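Trainee: Provided below: target_21.cif, containing mmCIF, C-alpha atoms; chains and numbers go by the auth columns.
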data_protein
loop_
_atom_site.group_PDB
_atom_site.id
_atom_site.type_symbol
_atom_site.label_atom_id
_atom_site.label_comp_id
_atom_site.label_asym_id
_atom_site.label_seq_id
_atom_site.Cartn_x
_atom_site.Cartn_y
_atom_site.Cartn_z
_atom_site.B_iso_or_equiv
_atom_site.auth_seq_id
_atom_site.auth_asym_id
ATOM 1 C CA MET A 1 54.595 120.174 113.260 0.00 1 A
ATOM 2 C CA LEU A 2 55.373 116.501 113.904 0.00 2 A
ATOM 3 C CA ASP A 3 54.885 115.741 110.200 0.00 3 A
ATOM 4 C CA ILE A 4 57.366 118.460 109.253 0.00 4 A
ATOM 5 C CA ILE A 5 59.994 117.144 111.675 0.00 5 A
ATOM 6 C CA GLY A 6 59.344 113.597 110.509 0.00 6 A
ATOM 7 C CA GLY A 7 59.714 114.779 106.921 0.00 7 A
ATOM 8 C CA MET A 8 63.017 116.487 107.742 0.00 8 A
ATOM 9 C CA ASN A 9 64.352 113.331 109.309 0.00 9 A
ATOM 10 C CA SER A 10 63.403 111.425 106.164 0.00 10 A
ATOM 11 C CA ILE A 11 65.187 113.990 104.002 0.00 11 A
ATOM 12 C CA ALA A 12 68.245 113.966 106.268 0.00 12 A
ATOM 13 C CA GLY A 13 68.179 110.166 106.273 0.00 13 A
ATOM 14 C CA PHE A 14 67.936 110.098 102.492 0.00 14 A
ATOM 15 C CA SER A 15 70.877 112.527 102.205 0.00 15 A
ATOM 16 C CA LEU A 16 72.936 110.398 104.563 0.00 16 A
ATOM 17 C CA TYR A 17 72.104 107.369 102.417 0.00 17 A
ATOM 18 C CA LYS A 18 73.217 109.244 99.293 0.00 18 A
ATOM 19 C CA LEU A 19 76.442 110.306 101.013 0.00 19 A
ATOM 20 C CA ARG A 20 77.206 106.732 102.033 0.00 20 A
ATOM 21 C CA LEU A 21 76.480 105.538 98.502 0.00 21 A
ATOM 22 C CA LEU A 22 78.755 108.218 97.066 0.00 22 A
ATOM 23 C CA VAL A 23 81.579 107.255 99.424 0.00 23 A
ATOM 24 C CA LEU A 24 81.140 103.594 98.479 0.00 24 A
ATOM 25 C CA CYS A 25 81.220 104.438 94.745 0.00 25 A
ATOM 26 C CA VAL A 26 84.363 106.549 95.133 0.00 26 A
ATOM 27 C CA ALA A 27 86.080 103.789 97.116 0.00 27 A
ATOM 28 C CA ALA A 28 85.143 101.225 94.453 0.00 28 A
ATOM 29 C CA SER A 29 86.430 103.520 91.698 0.00 29 A
ATOM 30 C CA ILE A 30 89.745 103.940 93.486 0.00 30 A
ATOM 31 C CA GLY A 31 89.961 100.169 93.821 0.00 31 A
ATOM 32 C CA LEU A 32 89.294 99.681 90.096 0.00 32 A
ATOM 33 C CA PHE A 33 91.880 102.339 89.207 0.00 33 A
ATOM 34 C CA ALA A 34 94.446 100.662 91.429 0.00 34 A
ATOM 35 C CA ALA A 35 93.692 97.290 89.836 0.00 35 A
ATOM 36 C CA LYS A 36 94.278 98.709 86.348 0.00 36 A
ATOM 37 C CA HIS A 37 97.319 100.736 87.414 0.00 37 A
ATOM 38 C CA PRO A 38 99.237 98.578 89.860 0.00 38 A
ATOM 39 C CA SER A 39 102.328 99.932 91.541 0.00 39 A
ATOM 40 C CA ALA A 40 102.941 97.631 94.444 0.00 40 A
ATOM 41 C CA THR A 41 100.809 95.241 96.409 0.00 41 A
ATOM 42 C CA PRO A 42 101.375 94.035 99.968 0.00 42 A
ATOM 43 C CA SER A 43 102.743 90.728 98.634 0.00 43 A
ATOM 44 C CA ASP A 44 105.388 92.453 96.493 0.00 44 A
ATOM 45 C CA PRO A 45 108.903 92.815 97.930 0.00 45 A
ATOM 46 C CA TRP A 46 109.143 96.308 96.416 0.00 46 A
ATOM 47 C CA THR A 47 107.441 99.544 97.398 0.00 47 A
ATOM 48 C CA ALA A 48 105.683 101.950 95.040 0.00 48 A
ATOM 49 C CA ALA A 49 108.815 104.135 95.180 0.00 49 A
ATOM 50 C CA GLN A 50 110.829 101.172 93.877 0.00 50 A
ATOM 51 C CA THR A 51 108.820 100.940 90.665 0.00 51 A
ATOM 52 C CA VAL A 52 108.999 102.658 87.301 0.00 52 A
ATOM 53 C CA GLN A 53 106.362 102.933 84.584 0.00 53 A
ATOM 54 C CA PRO A 54 107.375 102.266 80.944 0.00 54 A
ATOM 55 C CA ALA A 55 106.954 105.895 79.817 0.00 55 A
ATOM 56 C CA GLN A 56 109.023 107.099 82.768 0.00 56 A
ATOM 57 C CA LEU A 57 111.823 104.633 81.943 0.00 57 A
ATOM 58 C CA ILE A 58 111.815 105.730 78.290 0.00 58 A
ATOM 59 C CA ALA A 59 112.162 109.353 79.436 0.00 59 A
ATOM 60 C CA GLU A 60 115.087 108.417 81.694 0.00 60 A
ATOM 61 C CA LEU A 61 116.809 106.543 78.873 0.00 61 A
ATOM 62 C CA GLN A 62 116.445 109.574 76.588 0.00 62 A
ATOM 63 C CA GLU A 63 118.037 111.927 79.127 0.00 63 A
ATOM 64 C CA GLU A 64 121.628 112.856 78.488 0.00 64 A
ATOM 65 C CA LYS A 65 122.970 111.530 81.742 0.00 65 A
ATOM 66 C CA ASP A 66 125.684 109.046 82.391 0.00 66 A
ATOM 67 C CA PRO A 67 125.218 106.389 83.408 0.00 67 A
ATOM 68 C CA HIS A 68 121.725 105.454 82.307 0.00 68 A
ATOM 69 C CA PRO A 69 119.807 102.995 84.436 0.00 69 A
ATOM 70 C CA LEU A 70 121.141 99.474 84.089 0.00 70 A
ATOM 71 C CA ILE A 71 118.289 97.330 82.770 0.00 71 A
ATOM 72 C CA ILE A 72 118.309 93.632 83.577 0.00 72 A
ATOM 73 C CA TYR A 73 115.884 91.128 82.095 0.00 73 A
ATOM 74 C CA VAL A 74 115.143 88.228 84.464 0.00 74 A
ATOM 75 C CA GLY A 75 112.780 86.093 82.363 0.00 75 A
ATOM 76 C CA THR A 76 113.464 83.257 79.949 0.00 76 A
ATOM 77 C CA ARG A 77 116.123 83.324 77.227 0.00 77 A
ATOM 78 C CA THR A 78 113.521 82.543 74.535 0.00 78 A
ATOM 79 C CA LEU A 79 111.448 85.646 75.371 0.00 79 A
ATOM 80 C CA TYR A 80 114.593 87.796 75.657 0.00 80 A
ATOM 81 C CA ASN A 81 115.725 86.700 72.191 0.00 81 A
ATOM 82 C CA GLY A 82 112.212 87.316 70.834 0.00 82 A
ATOM 83 C CA GLY A 83 112.398 90.958 71.891 0.00 83 A
ATOM 84 C CA HIS A 84 113.763 92.996 74.775 0.00 84 A
ATOM 85 C CA ILE A 85 114.506 96.567 75.774 0.00 85 A
ATOM 86 C CA PRO A 86 117.590 97.746 73.863 0.00 86 A
ATOM 87 C CA GLY A 87 120.611 97.594 76.136 0.00 87 A
ATOM 88 C CA ALA A 88 118.938 95.207 78.583 0.00 88 A
ATOM 89 C CA LEU A 89 121.163 92.464 79.931 0.00 89 A
ATOM 90 C CA PHE A 90 119.943 88.894 80.295 0.00 90 A
ATOM 91 C CA TYR A 91 120.195 87.377 83.785 0.00 91 A
ATOM 92 C CA GLY A 92 117.488 84.912 84.464 0.00 92 A
ATOM 93 C CA PRO A 93 115.111 83.355 84.754 0.00 93 A
ATOM 94 C CA GLY A 94 114.682 84.593 88.284 0.00 94 A
ATOM 95 C CA SER A 95 112.552 81.568 89.128 0.00 95 A
ATOM 96 C CA THR A 96 115.516 79.177 88.892 0.00 96 A
ATOM 97 C CA GLU A 97 118.485 78.660 91.202 0.00 97 A
ATOM 98 C CA ARG A 98 120.828 79.014 88.233 0.00 98 A
ATOM 99 C CA GLY A 99 119.194 82.293 87.145 0.00 99 A
ATOM 100 C CA ILE A 100 119.485 83.771 90.641 0.00 100 A
ATOM 101 C CA ALA A 101 123.078 82.539 90.962 0.00 101 A
ATOM 102 C CA ASP A 102 124.001 84.170 87.617 0.00 102 A
ATOM 103 C CA LEU A 103 122.240 87.387 88.607 0.00 103 A
ATOM 104 C CA LYS A 104 124.014 87.538 91.977 0.00 104 A
ATOM 105 C CA LYS A 105 127.388 86.791 90.387 0.00 105 A
ATOM 106 C CA TYR A 106 126.924 89.664 87.947 0.00 106 A
ATOM 107 C CA ALA A 107 125.495 92.004 90.596 0.00 107 A
ATOM 108 C CA ALA A 108 128.501 91.382 92.835 0.00 108 A
ATOM 109 C CA THR A 109 130.584 93.277 90.244 0.00 109 A
ATOM 110 C CA LEU A 110 128.384 96.392 90.491 0.00 110 A
ATOM 111 C CA PRO A 111 128.571 99.249 92.978 0.00 111 A
ATOM 112 C CA GLU A 112 125.699 99.182 95.516 0.00 112 A
ATOM 113 C CA ASN A 113 124.590 102.646 94.331 0.00 113 A
ATOM 114 C CA SER A 114 124.005 101.425 90.747 0.00 114 A
ATOM 115 C CA ASP A 115 120.662 102.470 89.258 0.00 115 A
ATOM 116 C CA VAL A 116 119.220 99.029 88.438 0.00 116 A
ATOM 117 C CA VAL A 117 115.855 98.332 86.793 0.00 117 A
ATOM 118 C CA LEU A 118 114.638 94.732 86.696 0.00 118 A
ATOM 119 C CA TYR A 119 111.915 93.517 84.381 0.00 119 A
ATOM 120 C CA CYS A 120 110.369 90.351 83.037 0.00 120 A
ATOM 121 C CA GLY A 121 106.970 90.674 81.325 0.00 121 A
ATOM 122 C CA CYS A 122 106.554 86.958 80.656 0.00 122 A
ATOM 123 C CA CYS A 123 103.009 87.035 81.997 0.00 123 A
ATOM 124 C CA PRO A 124 100.793 89.255 84.156 0.00 124 A
ATOM 125 C CA LEU A 125 102.908 90.911 86.842 0.00 125 A
ATOM 126 C CA GLU A 126 100.815 89.472 89.660 0.00 126 A
ATOM 127 C CA LYS A 127 101.713 85.927 88.491 0.00 127 A
ATOM 128 C CA CYS A 128 105.314 86.462 87.368 0.00 128 A
ATOM 129 C CA PRO A 129 107.565 83.758 88.860 0.00 129 A
ATOM 130 C CA ASN A 130 110.806 85.574 87.972 0.00 130 A
ATOM 131 C CA LEU A 131 110.663 89.165 89.146 0.00 131 A
ATOM 132 C CA ARG A 132 110.083 88.788 92.891 0.00 132 A
ATOM 133 C CA PRO A 133 112.967 86.341 93.539 0.00 133 A
ATOM 134 C CA ALA A 134 115.328 88.463 91.423 0.00 134 A
ATOM 135 C CA PHE A 135 114.306 91.680 93.194 0.00 135 A
ATOM 136 C CA THR A 136 114.623 90.084 96.629 0.00 136 A
ATOM 137 C CA SER A 137 118.082 88.741 95.793 0.00 137 A
ATOM 138 C CA LEU A 138 119.391 92.165 94.760 0.00 138 A
ATOM 139 C CA LYS A 139 117.609 93.890 97.627 0.00 139 A
ATOM 140 C CA ASP A 140 119.389 91.490 99.999 0.00 140 A
ATOM 141 C CA MET A 141 122.661 92.574 98.361 0.00 141 A
ATOM 142 C CA ARG A 142 121.782 96.119 99.498 0.00 142 A
ATOM 143 C CA PHE A 143 121.307 97.810 96.146 0.00 143 A
ATOM 144 C CA ALA A 144 120.060 101.267 97.098 0.00 144 A
ATOM 145 C CA ARG A 145 118.653 102.283 93.695 0.00 145 A
ATOM 146 C CA LEU A 146 116.848 99.087 92.726 0.00 146 A
ATOM 147 C CA ARG A 147 113.552 99.346 90.832 0.00 147 A
ATOM 148 C CA VAL A 148 111.038 97.175 88.987 0.00 148 A
ATOM 149 C CA LEU A 149 109.613 98.063 85.587 0.00 149 A
ATOM 150 C CA LEU A 150 105.848 97.717 85.878 0.00 150 A
ATOM 151 C CA LEU A 151 104.437 95.639 83.050 0.00 151 A
ATOM 152 C CA PRO A 152 101.006 94.690 84.450 0.00 152 A
ATOM 153 C CA THR A 153 99.896 92.483 81.529 0.00 153 A
ATOM 154 C CA SER A 154 103.041 91.464 79.619 0.00 154 A
ATOM 155 C CA PHE A 155 106.079 92.884 77.839 0.00 155 A
ATOM 156 C CA ASN A 156 104.226 92.623 74.549 0.00 156 A
ATOM 157 C CA THR A 157 101.089 94.448 75.725 0.00 157 A
ATOM 158 C CA ASP A 158 102.694 97.052 77.992 0.00 158 A
ATOM 159 C CA TRP A 159 105.847 97.770 75.973 0.00 159 A
ATOM 160 C CA VAL A 160 105.868 96.458 72.397 0.00 160 A
ATOM 161 C CA GLU A 161 102.270 97.414 71.526 0.00 161 A
ATOM 162 C CA LYS A 162 102.862 100.904 72.946 0.00 162 A
ATOM 163 C CA GLY A 163 105.567 101.430 70.319 0.00 163 A
ATOM 164 C CA TYR A 164 108.509 101.531 72.718 0.00 164 A
ATOM 165 C CA PRO A 165 111.875 100.433 71.298 0.00 165 A
ATOM 166 C CA VAL A 166 112.600 96.705 71.055 0.00 166 A
ATOM 167 C CA LYS A 167 115.709 94.772 70.097 0.00 167 A
ATOM 168 C CA LYS A 168 115.449 91.204 68.836 0.00 168 A
ATOM 169 C CA GLY A 169 118.091 88.537 69.335 0.00 169 A
ATOM 170 C CA SER A 170 120.739 88.271 72.013 0.00 170 A
#
How would this structure read if it were set down as C-alpha coordinates?
Mentor:
Amino acid sequence: MLDIIGGMNSIAGFSLYKLRLLVLCVAASIGLFAAKHPSATPSDPWTAAQTVQPAQLIAELQEEKDPHPLIIYVGTRTLYNGGHIPGALFYGPGSTERGIADLKKYAATLPENSDVVLYCGCCPLEKCPNLRPAFTSLKDMRFARLRVLLLPTSFNTDWVEKGYPVKKGS
(Lines of atoms letter the chains of each structure in order from A and count residues from 1; the text may use other names and numbers.)
(Lines give C-alpha, C1' and ligand atoms only; values in the text may rest on other atoms or scores of the structure.)
Protein backbone atom coordinates (compact mmCIF):
# COMPACT_ATOMS: atom_id res chain seq x y z
CA MET A 1 0.00 0.00 0.00
CA LEU A 2 2.86 2.39 0.80
CA ASP A 3 4.30 1.84 -2.69
CA ILE A 4 0.96 2.74 -4.27
CA ILE A 5 0.66 5.95 -2.24
CA GLY A 6 4.28 6.79 -2.98
CA GLY A 7 3.61 6.17 -6.66
CA MET A 8 0.56 8.45 -6.57
CA ASN A 9 2.58 11.22 -5.00
CA SER A 10 5.16 10.84 -7.77
CA ILE A 11 2.43 11.04 -10.41
CA ALA A 12 0.82 14.04 -8.71
CA GLY A 13 4.25 15.66 -8.39
CA PHE A 14 4.98 15.02 -12.05
CA SER A 15 1.60 16.53 -13.04
CA LEU A 16 2.29 19.58 -10.91
CA TYR A 17 5.66 19.92 -12.62
CA LYS A 18 3.98 19.71 -16.03
CA LEU A 19 1.41 22.31 -14.99
CA ARG A 20 4.13 24.69 -13.83
CA LEU A 21 6.04 24.15 -17.07
CA LEU A 22 2.89 24.82 -19.09
CA VAL A 23 2.21 28.04 -17.19
CA LEU A 24 5.81 29.15 -17.74
CA CYS A 25 5.58 28.40 -21.49
CA VAL A 26 2.30 30.31 -21.82
CA ALA A 27 3.75 33.29 -19.95
CA ALA A 28 6.83 33.27 -22.19
CA SER A 29 4.65 33.07 -25.30
CA ILE A 30 2.61 36.05 -24.16
CA GLY A 31 5.84 37.94 -23.56
CA LEU A 32 7.11 37.12 -27.06
CA PHE A 33 3.77 38.14 -28.59
CA ALA A 34 3.86 41.43 -26.72
CA ALA A 35 7.43 42.06 -27.88
CA LYS A 36 6.43 41.53 -31.52
CA HIS A 37 3.17 43.47 -31.16
CA PRO A 38 3.93 46.42 -28.92
CA SER A 39 1.16 48.78 -27.91
CA ALA A 40 2.53 50.69 -24.98
CA THR A 41 5.27 50.08 -22.49
CA PRO A 42 5.58 51.54 -18.99
CA SER A 43 8.16 54.05 -20.27
CA ASP A 44 5.82 55.39 -22.97
CA PRO A 45 3.79 58.53 -22.20
CA TRP A 46 0.79 57.02 -24.01
CA THR A 47 -1.53 54.20 -23.02
CA ALA A 48 -2.58 51.29 -25.23
CA ALA A 49 -5.88 53.13 -25.81
CA GLN A 50 -3.89 56.07 -27.19
CA THR A 51 -2.35 54.00 -29.98
CA VAL A 52 -3.46 53.00 -33.45
CA GLN A 53 -2.19 50.21 -35.69
CA PRO A 54 -1.48 50.97 -39.38
CA ALA A 55 -4.38 48.86 -40.71
CA GLN A 56 -6.77 50.52 -38.27
CA LEU A 57 -5.62 54.00 -39.36
CA ILE A 58 -6.05 53.07 -43.04
CA ALA A 59 -9.61 51.92 -42.27
CA GLU A 60 -10.35 55.21 -40.48
CA LEU A 61 -8.98 57.23 -43.39
CA GLN A 62 -11.20 55.29 -45.82
CA GLU A 63 -14.35 55.98 -43.80
CA GLU A 64 -16.60 58.69 -45.12
CA LYS A 65 -16.47 60.86 -42.05
CA ASP A 66 -15.49 64.44 -41.68
CA PRO A 67 -13.07 65.32 -40.39
CA HIS A 68 -10.60 62.49 -40.79
CA PRO A 69 -7.91 62.13 -38.16
CA LEU A 70 -5.27 64.82 -38.44
CA ILE A 71 -1.95 63.07 -39.07
CA ILE A 72 1.23 64.82 -37.98
CA TYR A 73 4.71 63.58 -38.81
CA VAL A 74 7.26 64.49 -36.12
CA GLY A 75 10.48 63.07 -37.60
CA THR A 76 13.09 64.64 -39.85
CA ARG A 77 12.31 66.65 -42.99
CA THR A 78 14.51 64.36 -45.12
CA LEU A 79 12.49 61.25 -44.19
CA TYR A 80 9.20 63.13 -44.63
CA ASN A 81 10.21 64.21 -48.14
CA GLY A 82 11.35 60.65 -48.91
CA GLY A 83 7.86 59.33 -48.21
CA HIS A 84 5.03 60.00 -45.78
CA ILE A 85 1.37 59.20 -45.22
CA PRO A 86 -0.70 61.20 -47.73
CA GLY A 87 -2.18 64.23 -46.00
CA ALA A 88 0.30 64.08 -43.12
CA LEU A 89 1.61 67.43 -41.96
CA PHE A 90 5.26 67.96 -41.09
CA TYR A 91 5.99 69.27 -37.59
CA GLY A 92 9.24 68.03 -36.25
CA PRO A 93 11.59 66.64 -35.43
CA GLY A 94 10.14 66.14 -31.99
CA SER A 95 13.62 65.68 -30.55
CA THR A 96 14.54 69.34 -31.09
CA GLU A 97 13.40 72.48 -29.30
CA ARG A 98 12.53 74.06 -32.65
CA GLY A 99 10.46 71.03 -33.70
CA ILE A 100 8.49 71.05 -30.44
CA ALA A 101 8.03 74.83 -30.65
CA ASP A 102 6.68 74.53 -34.22
CA LEU A 103 4.40 71.67 -33.21
CA LYS A 104 3.01 73.58 -30.22
CA LYS A 105 2.49 76.72 -32.30
CA TYR A 106 0.48 74.75 -34.85
CA ALA A 107 -1.40 72.77 -32.20
CA ALA A 108 -2.45 75.99 -30.47
CA THR A 109 -4.64 76.69 -33.53
CA LEU A 110 -6.53 73.39 -33.16
CA PRO A 111 -9.53 72.60 -30.99
CA GLU A 112 -8.64 70.38 -27.99
CA ASN A 113 -11.09 67.72 -29.25
CA SER A 114 -9.22 67.31 -32.56
CA ASP A 115 -8.52 63.70 -33.53
CA VAL A 116 -4.71 63.83 -33.81
CA VAL A 117 -2.42 60.95 -34.78
CA LEU A 118 1.33 61.44 -34.37
CA TYR A 119 3.91 59.28 -36.07
CA CYS A 120 7.60 59.13 -36.87
CA GLY A 121 9.00 55.76 -37.98
CA CYS A 122 12.60 56.95 -38.27
CA CYS A 123 13.83 53.92 -36.34
CA PRO A 124 12.46 51.23 -34.02
CA LEU A 125 9.68 52.71 -31.89
CA GLU A 126 11.43 51.82 -28.64
CA LYS A 127 14.40 54.04 -29.65
CA CYS A 128 12.56 56.87 -31.42
CA PRO A 129 13.81 60.24 -30.13
CA ASN A 130 10.95 62.22 -31.71
CA LEU A 131 7.62 60.65 -30.82
CA ARG A 132 7.64 60.75 -27.02
CA PRO A 133 8.52 64.47 -26.68
CA ALA A 134 5.94 65.38 -29.34
CA PHE A 135 3.23 63.27 -27.69
CA THR A 136 4.01 64.67 -24.24
CA SER A 137 3.87 68.23 -25.55
CA LEU A 138 0.41 67.77 -27.07
CA LYS A 139 -0.80 65.77 -24.09
CA ASP A 140 0.24 68.69 -21.87
CA MET A 141 -1.87 70.93 -24.13
CA ARG A 142 -4.84 68.72 -23.16
CA PHE A 143 -5.65 67.15 -26.50
CA ALA A 144 -8.36 64.63 -25.64
CA ARG A 145 -8.16 62.52 -28.82
CA LEU A 146 -4.40 62.21 -29.19
CA ARG A 147 -2.95 58.94 -30.50
CA VAL A 148 0.32 57.44 -31.70
CA LEU A 149 0.64 55.37 -34.87
CA LEU A 150 2.50 52.21 -33.90
CA LEU A 151 5.37 51.53 -36.26
CA PRO A 152 7.46 49.06 -34.22
CA THR A 153 10.34 48.70 -36.71
CA SER A 154 10.21 51.71 -39.04
CA PHE A 155 7.92 53.58 -41.43
CA ASN A 156 9.43 51.65 -44.32
CA THR A 157 8.95 48.19 -42.77
CA ASP A 158 5.60 48.75 -41.04
CA TRP A 159 3.93 50.99 -43.63
CA VAL A 160 5.63 51.16 -47.03
CA GLU A 161 6.42 47.44 -47.34
CA LYS A 162 2.84 46.59 -46.34
CA GLY A 163 1.62 48.45 -49.43
CA TYR A 164 -0.07 51.31 -47.59
CA PRO A 165 -0.30 54.62 -49.48
CA VAL A 166 2.76 56.88 -49.53
CA LYS A 167 3.32 60.38 -50.85
CA LYS A 168 6.80 61.57 -51.75
CA GLY A 169 8.00 65.16 -51.50
CA SER A 170 6.72 67.95 -49.31
Trainee: Within 10 Å of Asn156 in chain A, counting all atoms listed in the file, which residues qualify if same-chain residues fewer than 4 places away don't, as a list in words?
Mentor: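 Here the answer would be Gly83, His84, Gly121, Cys122, Cys123, Leu151, Val160, Glu161, Lys162, Gly163 and Val166 of chain A.
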Trainee: Let me make sure I understand: among A:Gly75, A:Pro86, A:Pro69, A:Pro93, which one has the smallest atom-to-atom distance to Val116 in chain A if we use all atoms listed in the file?
Mentor: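 For Val116 in chain A, the nearest of the given residues is A:Pro69.
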Trainee: Would you pick out the contacts of Gly99 in chain A at 12 Å or less, using only C-alpha atoms, so that residues sharing its chain but fewer than 2 positions from it are not included, and give the list as a list in words?
Mentor: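 Here the answer would be Ile72, Tyr73, Val74, Gly75, Thr76, Arg77, Phe90, Tyr91, Gly92, Pro93, Gly94, Ser95, Thr96, Glu97, Ala101, Asp102, Leu103, Lys104, Lys105, Tyr106, Pro129, Asn130, Leu131, Pro133, Ala134 and Ser137 of chain A.
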Trainee: Got time to write the residues from that selection, C-alpha atoms, as a PDB file, in the frame of the given file?
Mentor:
ATOM      1  CA  ILE A  72     118.309  93.632  83.577  1.00  0.00           C
ATOM      2  CA  TYR A  73     115.884  91.128  82.095  1.00  0.00           C
ATOM      3  CA  VAL A  74     115.143  88.228  84.464  1.00  0.00           C
ATOM      4  CA  GLY A  75     112.780  86.093  82.363  1.00  0.00           C
ATOM      5  CA  THR A  76     113.464  83.257  79.949  1.00  0.00           C
ATOM      6  CA  ARG A  77     116.123  83.324  77.227  1.00  0.00           C
ATOM      7  CA  PHE A  90     119.943  88.894  80.295  1.00  0.00           C
ATOM      8  CA  TYR A  91     120.195  87.377  83.785  1.00  0.00           C
ATOM      9  CA  GLY A  92     117.488  84.912  84.464  1.00  0.00           C
ATOM     10  CA  PRO A  93     115.111  83.355  84.754  1.00  0.00           C
ATOM     11  CA  GLY A  94     114.682  84.593  88.284  1.00  0.00           C
ATOM     12  CA  SER A  95     112.552  81.568  89.128  1.00  0.00           C
ATOM     13  CA  THR A  96     115.516  79.177  88.892  1.00  0.00           C
ATOM     14  CA  GLU A  97     118.485  78.660  91.202  1.00  0.00           C
ATOM     15  CA  ALA A 101     123.078  82.539  90.962  1.00  0.00           C
ATOM     16  CA  ASP A 102     124.001  84.170  87.617  1.00  0.00           C
ATOM     17  CA  LEU A 103     122.240  87.387  88.607  1.00  0.00           C
ATOM     18  CA  LYS A 104     124.014  87.538  91.977  1.00  0.00           C
ATOM     19  CA  LYS A 105     127.388  86.791  90.387  1.00  0.00           C
ATOM     20  CA  TYR A 106     126.924  89.664  87.947  1.00  0.00           C
ATOM     21  CA  PRO A 129     107.565  83.758  88.860  1.00  0.00           C
ATOM     22  CA  ASN A 130     110.806  85.574  87.972  1.00  0.00           C
ATOM     23  CA  LEU A 131     110.663  89.165  89.146  1.00  0.00           C
ATOM     24  CA  PRO A 133     112.967  86.341  93.539  1.00  0.00           C
ATOM     25  CA  ALA A 134     115.328  88.463  91.423  1.00  0.00           C
ATOM     26  CA  SER A 137     118.082  88.741  95.793  1.00  0.00           C
TER      27      SER A 137
END
Trainee: A:Lys168, A:Thr157, A:Asp115, A:Leu150: which is nearest Asp66 in chain A, counting only C-alpha atoms?
Mentor: A:Asp115
Trainee: Restricting the calculation to all atoms listed in the file: of A:Arg98, A:Leu70, A:Thr78, A:Cys120, which residue gets closest to Trp159 in chain A?
Mentor: A:Cys120
Trainee: One number please: CA of Pro152 in chain A to CA of Glu126 in chain A, in Å, one decimal.
Mentor: 7.4 Å
Trainee: Measuring between all atoms listed in the file, which one of A:Lys139, A:Leu79, A:Ser170, A:Ile85 shows the shortest distance to Ile58 in chain A?
Mentor: A:Ile85
Trainee: My list of candidates is A:Ala144, A:Leu57, A:Leu149, A:Val52. Which is closest to Pro111 in chain A when distances are computed with only C-alpha atoms?
Mentor: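 When distances to Pro111 in chain A are compared using only C-alpha atoms, the smallest one comes from A:Ala144.
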Trainee: Would you mind telling me which residue in A:Pro45, A:Gln56, A:Gly87, A:Pro124 lies nearest to Thr153 in chain A when using all atoms listed in the file?
Mentor: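 Residue with the minimum atom-to-atom distance to Thr153 in chain A: A:Pro124.
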Trainee: Identify all residues satisfying the PyMOL selection byres ((chain A and resi 117) around 6) in the given file; provide them as an NGL selection string.
Mentor: :A and (71 or 116 or 118 or 147-148)
